Amino acid sequence: MIHSLFLINSSGDIFLEKHWKSVVSRSVCDYFFEAQERATEAENVPPVIPTPHHYLLSVYRHKIFFVAVVQTEVPPLFVIEFLHRVVDTFQDYFGVCSEPVIKDNVVVVYEVLEEMLDNGFPLATESNILKELIKPPTILRTVVNTITGSTNVGDQLPTGQLSVVPWRRTGVKYTNNEAYFDVIEEIDAIIDKSGSTITAEIQGVIDACVKLTGMPDLTLSFMNPRLLDDVSFHPCVRFKRWESERILSFIPPDGNFRLLSYHVSAQNLVAIPVYVKHSISFRDSSSLGRFEITVGPKQTMGKTIEGVTVTSQMPKGVLNMSLTPSQGTHTFDPVTKVGD
Amino acid sequence: MTDSKYFTTTKKGEIFELKAELNSDKKEKKKEAVKKVIASMTVGKDVSALFPDVVNCMQTDNLELKKLVYLYLMNYAKSQPDMAIMAVNTFVKDCEDPNPLIRALAVRTMGCIRVDKITEYLCEPLRKCLKDEDPYVRKTAAVCVAKLHDINAQLVEDQGFLDTLKDLISDSNPMVVANAVAALSEIAESHPSSNLLDLNPQSINKLLTALNECTEWGQIFILDCLANYTPKDDREAQSICERVTPRLSHANSAVVLSAVKVLMKFMEMLSKDLDYYGTLLKKLAPPLVTLLSAEPELQYVALRNINLIVQKRPEILKHEMKVFFVKYNDPIYVKLEKLDIMIRLASQANIAQVLAELKEYATEVDVDFVRKAVRAIGRCAIKVEQSAERCVSTLLDLIQTKVNYVVQEAIVVIKDIFRKYPNKYESVIATLCENLDSLDEPEARAAMIWIVGEYAERIDNADELLESFLEGFHDESTQVQLQLLTAIVKLFLKKPTETQELVQQVLSLATQDSDNPDLRDRGYIYWRLLSTDPVAAKEVVLAEKPLISEETDLIEPTLLDELICYIGTLASVYHKPPSAFVEGGRGVVHKSLPPRTASSESTESPETAPAGAPPGEQLDVIPTQGDLLGDLLNLDLGPPVSGPPLATSSVQMGAVDLLGGGLDSLMGDEPEGIGAPNFVAPPAATVPANLGAPMGSGLSDLFDLTSGVGTLSGSYVAPKAVWLPAMKAKGLEISGTFTRQVGSISMDLQLTNKALQVMTDFAIQFNRNSFGLAPAAPLQVHAPLSPNQTVEISLPLNTVGSVMKMEPLNNLQVAVKNNIDVFYFSTLYPLHILFVEDGKMDRQMFLATWKDIPNENEAQFQIRDCPLNAEAVSSRLQSSNIFTVAKRNVEGQDMLYQSLKLTNGIWVLAELRVQPGNPSFTDLELSLKCRAPEVSQHVYQAYETILKN
């Protein structure tokens, strides 16, 4: 199971270490630094690195490497999923997940990590429950704590943890009962030179913010559930009901959560809201060239398109470029050769 | 106000200052001080000097302070074991606290303190907590057992915690069940032999119930545990699959992949005709596709696993090619994996799309990726014959780009295409030759030289081209030098008139001026060949080469099956079995796919060839491992030359002699006597293979259609057992058994080729053994054994071989040879194959002999649980040549007097006591008398085998 966790910033300093079993020397990270050097770019560091005695599994989020050390044969996805959960929890607790914030809250971070794993086994990873055990720091609470001497550690067993609905605590009360659902879809498409679509798929999620009193039992139905190819649910959704009736029936957790994520595959026709055209030309005599991209709306069904960003990765040979947008702003980073 | 202030005090007297604060009377100050200590600890500063002061803060009602102290203790207790004892009392007290949170916290922390002295005190509180009324405490305690086991395994066993842990699997709370399973799995990992997770249908049912209700992490543990279970038939497998399928829709990708593992494994047991099988296949695709839209790290692990799944069951993802198309912003490790899978999925139906994509990739910026893309085009050409022409023209287009590394890579793959489709695309050679000067990598140069040599007769200026390479001969790498030598010899044989000088030059360069023994040897062989018999040289050097196939990059089927059992683990990421890399070789259990069960066996023909290769088509593969015979004559890139038949047979005979000589020298010339046999078989193979389930027997069972039908006549035949696992014998698996029918003994063998290359030239030899068993005829395998093929052979045996006493008596050491290597294994034969047909003694003689044999030669045995009456016993034994001489009834017990004779003339007399009509007492008592008492034990074993089967 998960042995230790090291947090490493982009300049290669280990700024936090946590061991759940015996202490693993931080020199184990040298193998990681080696791999990091070889990969040149932070994103390209391989997620699984073998060392003579351990395996290092890492994720790179918010410019921090989260490196987990394992010693035995464990499912790597389990470790990586857990690391993602750690990142999410930090974000949930502190608003942002960054080196200064983690350093500022190092004791809370440490307490939280201790609650999340026991001997390498996950213990409590739901932020609902964690927040009952370790209260997130707020300015008000810090002030109150300093004055009254009370703590930000809950002294009662979280009520929900062992019930049939472990994701929801009991006794929730709101004066304004409200629930919001955001449907976020991401279209992933490869379009070839001539502008025709090679493949396009939709990755969608429904994020919810539910603030309802008591133990509400909700149902949600879709106009055309057939469209969804593969769905994965929050544990609160009753799978049987979905299988038989294609209706989402659930007791929601309190607060923000991801209700479901779904996938619409390339086999279904995916309408792409924009078109992209390009032309590239080089002048024979000089080393200069011209690269034009045209983006325009298409099949929008009456909706306006907002916030269009074009990102283009340039080959290493490109020294600089002068950008002239017909609309909006532009940047060019000569180091990563990425133009925005 | 943030915690960063804890880092700021880096003055000289920091520790001293903290000490003072820790001992302060003010609670607040104390807490702040502990926080500072923790903060220093997290960044790796050594604050262990403060141990006593921090421990003093432990007795407090303030939970946060308590937790902080616990955190500190866990980190430093090991370095201060004596001090840590101070904390024990508080722990024990906390374990009795009314608040379950504190009870759980105490037991959790105690387990993390890795100090032997503390663990003794831990036992009692832990026992209580394992039976605590609160499930939260129970689940914490379950994990604590695993921790304790890690520190002191013996203690855990002595205290009986393992049994308590097993009981927790039946706990009413799913979280407790999940943690118990996780703890047991971890303990079992360090003790692979112990049967801790004894899975049976009842416990499986409990696990499946808990699966629906526990947390995502618990689901992973339970699914991984389920994957180790082997259902008893296809119906059970199906019902488990049905209950696991909903997990495929879980948001946690690790749960999904673990579920995929269970399904992939149990699917092996389902009949392909079943509707459910098809449904399951359809259900597997979408979750795998969805994994690819997750974060890149998850994608990478998923892709490595999909790579395995695609090789095992290509049908699952065959329509999903497009999701593997590379995105511009994928990290390089994801791109390379996607490319690999694209090639595996390439087929006639989608090749156009794939090629268009690959061509785009070849113009990317990342050099590694571009190289692999170009290589992929070549692999497509080899894999999908219809597309070869298109691929070649794509490659030519790429060569036109004149990008150096693209050109080089393209030439390397075009060489492979020539090997697959000879004499088809020579028209491109001209284009290739144009780029000769730009080649600077050895692999590309070697490939180009090979092409020139191979098609020398069609290239007008071949001699000039090769000569130009020859100028810098000594600066070239070995690979290029070898290629150049061969190419020039080829050229000479094709155009002898104008190239004599060239060949002289290269031969002298290779033999006289080179330090490389390989190069020199090859040079000398060519020289000798050319000088003695140019015709023979021509036959050897210009012999037709076997075609290559795309199967070269596939994982060996045995390994693949094992890896399928490890989906979702590190093994699947490395594509190596855990035994190859897991730390310290903690005796990893080999897993194998379950066999198809009897009910489906009748309808199912064993899979003979992997999907994608039409059955019967013989695959010629570049031999990757050292090929014993091939290397000798290996004149070219690797394939053994299939010479004229005469030569082959002489080589074959030589090989048989080799085997004989090897064995003789190994075990022959030693003086006989007390000395133990010198012949040392590979250690694992000496384990009697027919006792206990051998590793990997699951697969052999798959093919074992004969077991259980051999009892029709003659003596009892044991089911075939694996004698030589494929892993130990470069892909050759041998299983077998011994039979005796109407006076003749034979060894029934089943040879399975699990390697990727054809096996031929089989021969067998026995070491000297106790009863002189020897093959009565040579091992006859008529046709070469192609990959995945199985043959059954019955090898007649006689007992006229030379005799040497073995230990144990019935040990038989066997050497089997094929074109790859010689393999040794040993097996135990049942003694009853040696019982001769004329083993019936007459009564008088029996009586006399019984008296004659001294009493100390009598051996007593019990055969337990054998509910047979005297008649049944006697007739059953008779069919195995144990004859009942007389029968007597004494005090309601039947006494049978029996005799048998071994092939070497030893008589064994037996008295067997049977108690008929007494169902509660079913043991038979056996007394054996024999002049050679050492056989008694084995005769008894023979009795037991015959009577119990």
# chains A, B, ... in the order shown; residues from 1 in each chain; ligands from 1
>>> residues_around(residues="Glu245 of chain A", least_positions_apart="3", cutoff="10 Å", atoms="only C-alpha atoms", output="ChimeraX atom specification")
/A:221,225,240-242,248
>>> write_last_selection(atoms="C-alpha atoms", output="PDB file, in the first residue's frame")
ATOM      1  CA  SER A 221     -34.378  12.176 -15.802  1.00  0.00           C
ATOM      2  CA  PRO A 225     -30.512   8.994 -22.106  1.00  0.00           C
ATOM      3  CA  LYS A 240     -30.245  -0.537 -10.492  1.00  0.00           C
ATOM      4  CA  ARG A 241     -32.764   2.208 -11.158  1.00  0.00           C
ATOM      5  CA  TRP A 242     -30.560   3.640 -13.897  1.00  0.00           C
ATOM      6  CA  LEU A 248     -31.018   9.001 -11.788  1.00  0.00           C
TER       7      LEU A 248
END
>>> residues_around(residues="Lys298 of chain A", least_positions_apart="3", cutoff="12 Å", atoms="only C-alpha atoms", output="list of chain:residue names")
A:Ala271, A:Ile272, A:Pro273, A:Val274, A:Tyr275, A:Val276, A:Val295, A:Met301, A:Gly302, A:Lys303, A:Thr304, A:Ile305
>>> residues_around(residues="segment 490-497 of chain B", least_positions_apart="2", cutoff="12 Å", atoms="only C-alpha atoms", output="VMD selection string")
chain B and resid 449 to 467 483 to 488 499 to 507 526 to 527 529 to 530 533 to 543 635 to 636
>>> write_last_selection(atoms="N, CA and C atoms", output="compact mmCIF listing (two decimals), in the first residue's frame")
# COMPACT_ATOMS: atom_id res chain seq x y z
N ILE B 449 22.73 -1.65 -46.16
CA ILE B 449 23.70 -2.60 -46.72
C ILE B 449 23.05 -3.95 -46.96
N TRP B 450 22.19 -4.34 -46.05
CA TRP B 450 21.50 -5.61 -46.23
C TRP B 450 20.68 -5.58 -47.52
N ILE B 451 19.98 -4.45 -47.70
CA ILE B 451 19.15 -4.35 -48.91
C ILE B 451 20.03 -4.44 -50.15
N VAL B 452 21.13 -3.74 -50.14
CA VAL B 452 22.01 -3.76 -51.32
C VAL B 452 22.51 -5.18 -51.58
N GLY B 453 22.92 -5.87 -50.50
CA GLY B 453 23.42 -7.23 -50.67
C GLY B 453 22.34 -8.17 -51.17
N GLU B 454 21.18 -8.03 -50.62
CA GLU B 454 20.09 -8.93 -50.96
C GLU B 454 19.67 -8.76 -52.42
N TYR B 455 19.65 -7.55 -52.88
CA TYR B 455 19.19 -7.28 -54.25
C TYR B 455 20.36 -6.87 -55.15
N ALA B 456 21.53 -7.43 -54.85
CA ALA B 456 22.73 -7.02 -55.58
C ALA B 456 22.59 -7.18 -57.08
N GLU B 457 21.90 -8.24 -57.49
CA GLU B 457 21.82 -8.49 -58.93
C GLU B 457 20.99 -7.44 -59.65
N ARG B 458 20.17 -6.71 -58.90
CA ARG B 458 19.32 -5.71 -59.56
C ARG B 458 19.84 -4.30 -59.42
N ILE B 459 20.88 -4.16 -58.67
CA ILE B 459 21.45 -2.82 -58.52
C ILE B 459 22.75 -2.79 -59.34
N ASP B 460 22.75 -1.95 -60.36
CA ASP B 460 23.88 -1.98 -61.29
C ASP B 460 25.20 -1.67 -60.59
N ASN B 461 25.15 -0.67 -59.70
CA ASN B 461 26.41 -0.25 -59.11
C ASN B 461 26.58 -0.76 -57.68
N ALA B 462 26.01 -1.96 -57.41
CA ALA B 462 26.07 -2.49 -56.05
C ALA B 462 27.49 -2.55 -55.54
N ASP B 463 28.40 -2.96 -56.45
CA ASP B 463 29.79 -3.09 -55.99
C ASP B 463 30.37 -1.73 -55.59
N GLU B 464 30.03 -0.73 -56.36
CA GLU B 464 30.54 0.60 -56.01
C GLU B 464 29.98 1.06 -54.66
N LEU B 465 28.67 0.81 -54.48
CA LEU B 465 28.04 1.24 -53.24
C LEU B 465 28.71 0.59 -52.04
N LEU B 466 28.87 -0.73 -52.15
CA LEU B 466 29.45 -1.45 -51.02
C LEU B 466 30.90 -1.04 -50.81
N GLU B 467 31.57 -0.83 -51.91
CA GLU B 467 32.97 -0.44 -51.79
C GLU B 467 33.10 0.88 -51.03
N GLN B 483 27.17 -6.87 -41.38
CA GLN B 483 26.27 -6.76 -42.52
C GLN B 483 27.06 -6.58 -43.81
N LEU B 484 28.09 -5.76 -43.73
CA LEU B 484 28.88 -5.46 -44.91
C LEU B 484 29.57 -6.71 -45.41
N LEU B 485 30.11 -7.49 -44.48
CA LEU B 485 30.76 -8.75 -44.82
C LEU B 485 29.79 -9.67 -45.56
N THR B 486 28.63 -9.86 -44.96
CA THR B 486 27.66 -10.75 -45.58
C THR B 486 27.21 -10.22 -46.93
N ALA B 487 26.97 -8.93 -47.00
CA ALA B 487 26.48 -8.36 -48.25
C ALA B 487 27.49 -8.54 -49.37
N ILE B 488 28.77 -8.36 -49.05
CA ILE B 488 29.77 -8.48 -50.12
C ILE B 488 29.91 -9.93 -50.55
N THR B 499 33.76 -8.97 -58.85
CA THR B 499 33.86 -8.54 -57.45
C THR B 499 34.87 -9.34 -56.63
N GLN B 500 35.71 -10.13 -57.36
CA GLN B 500 36.64 -10.97 -56.63
C GLN B 500 37.54 -10.18 -55.68
N GLU B 501 37.99 -9.06 -56.22
CA GLU B 501 38.91 -8.24 -55.44
C GLU B 501 38.25 -7.71 -54.17
N LEU B 502 37.00 -7.30 -54.36
CA LEU B 502 36.25 -6.74 -53.24
C LEU B 502 36.10 -7.75 -52.12
N VAL B 503 35.75 -8.98 -52.50
CA VAL B 503 35.51 -10.00 -51.47
C VAL B 503 36.81 -10.35 -50.75
N GLN B 504 37.89 -10.39 -51.51
CA GLN B 504 39.20 -10.65 -50.89
C GLN B 504 39.49 -9.58 -49.83
N GLN B 505 39.21 -8.36 -50.25
CA GLN B 505 39.50 -7.23 -49.38
C GLN B 505 38.70 -7.31 -48.07
N VAL B 506 37.40 -7.60 -48.21
CA VAL B 506 36.57 -7.61 -47.01
C VAL B 506 36.92 -8.79 -46.12
N LEU B 507 37.25 -9.92 -46.74
CA LEU B 507 37.60 -11.09 -45.93
C LEU B 507 38.88 -10.84 -45.14
N TYR B 526 33.03 -17.88 -44.02
CA TYR B 526 32.82 -17.54 -45.43
C TYR B 526 34.04 -17.93 -46.26
N TRP B 527 35.18 -17.62 -45.75
CA TRP B 527 36.42 -17.87 -46.51
C TRP B 527 36.53 -19.36 -46.82
N LEU B 529 34.18 -21.62 -46.72
CA LEU B 529 33.09 -22.04 -47.60
C LEU B 529 33.42 -21.72 -49.05
N LEU B 530 33.86 -20.50 -49.27
CA LEU B 530 34.12 -20.06 -50.65
C LEU B 530 35.29 -20.81 -51.24
N ASP B 533 34.05 -25.08 -51.38
CA ASP B 533 32.95 -25.48 -52.25
C ASP B 533 32.03 -24.30 -52.55
N PRO B 534 32.30 -23.56 -53.57
CA PRO B 534 31.49 -22.37 -53.87
C PRO B 534 30.01 -22.71 -54.08
N VAL B 535 29.74 -23.91 -54.58
CA VAL B 535 28.33 -24.27 -54.81
C VAL B 535 27.59 -24.37 -53.49
N ALA B 536 28.27 -25.06 -52.55
CA ALA B 536 27.66 -25.16 -51.23
C ALA B 536 27.51 -23.79 -50.60
N ALA B 537 28.53 -22.96 -50.81
CA ALA B 537 28.48 -21.61 -50.27
C ALA B 537 27.25 -20.89 -50.78
N LYS B 538 27.02 -21.07 -52.06
CA LYS B 538 25.87 -20.41 -52.66
C LYS B 538 24.58 -20.90 -52.02
N GLU B 539 24.53 -22.23 -51.81
CA GLU B 539 23.31 -22.78 -51.22
C GLU B 539 23.10 -22.25 -49.81
N VAL B 540 24.19 -22.11 -49.09
CA VAL B 540 24.06 -21.66 -47.71
C VAL B 540 23.75 -20.16 -47.64
N VAL B 541 24.56 -19.39 -48.31
CA VAL B 541 24.45 -17.94 -48.16
C VAL B 541 23.20 -17.40 -48.83
N LEU B 542 22.89 -17.94 -49.97
CA LEU B 542 21.74 -17.40 -50.70
C LEU B 542 20.48 -18.22 -50.48
N ALA B 543 20.47 -19.02 -49.42
CA ALA B 543 19.29 -19.83 -49.16
C ALA B 543 18.08 -18.94 -48.94
N LEU B 635 23.97 -16.99 -40.88
CA LEU B 635 24.82 -16.15 -41.70
C LEU B 635 24.21 -14.80 -41.92
N ASP B 636 22.96 -14.69 -41.51
CA ASP B 636 22.30 -13.48 -41.92
C ASP B 636 21.75 -12.74 -40.74
>>> closest_residue(among="A:Phe332, A:Phe33, A:Tyr262, A:Tyr93", to="chain B", atoms="only C-alpha atoms")
A:Tyr262
>>> atom_distance(atom1="atom CA of Phe181 of chain A", atom2="atom CA of Val205 of chain A")
10.0 Å
>>> select_by_dssp(residues="segment 168-334 of chain A", states="strand (DSSP E)", output="PyMOL selection string")
chain A and resi 178-191+197-211+218-221+230-233+247-250+255-264+274-282+289-297+312-313+332-333
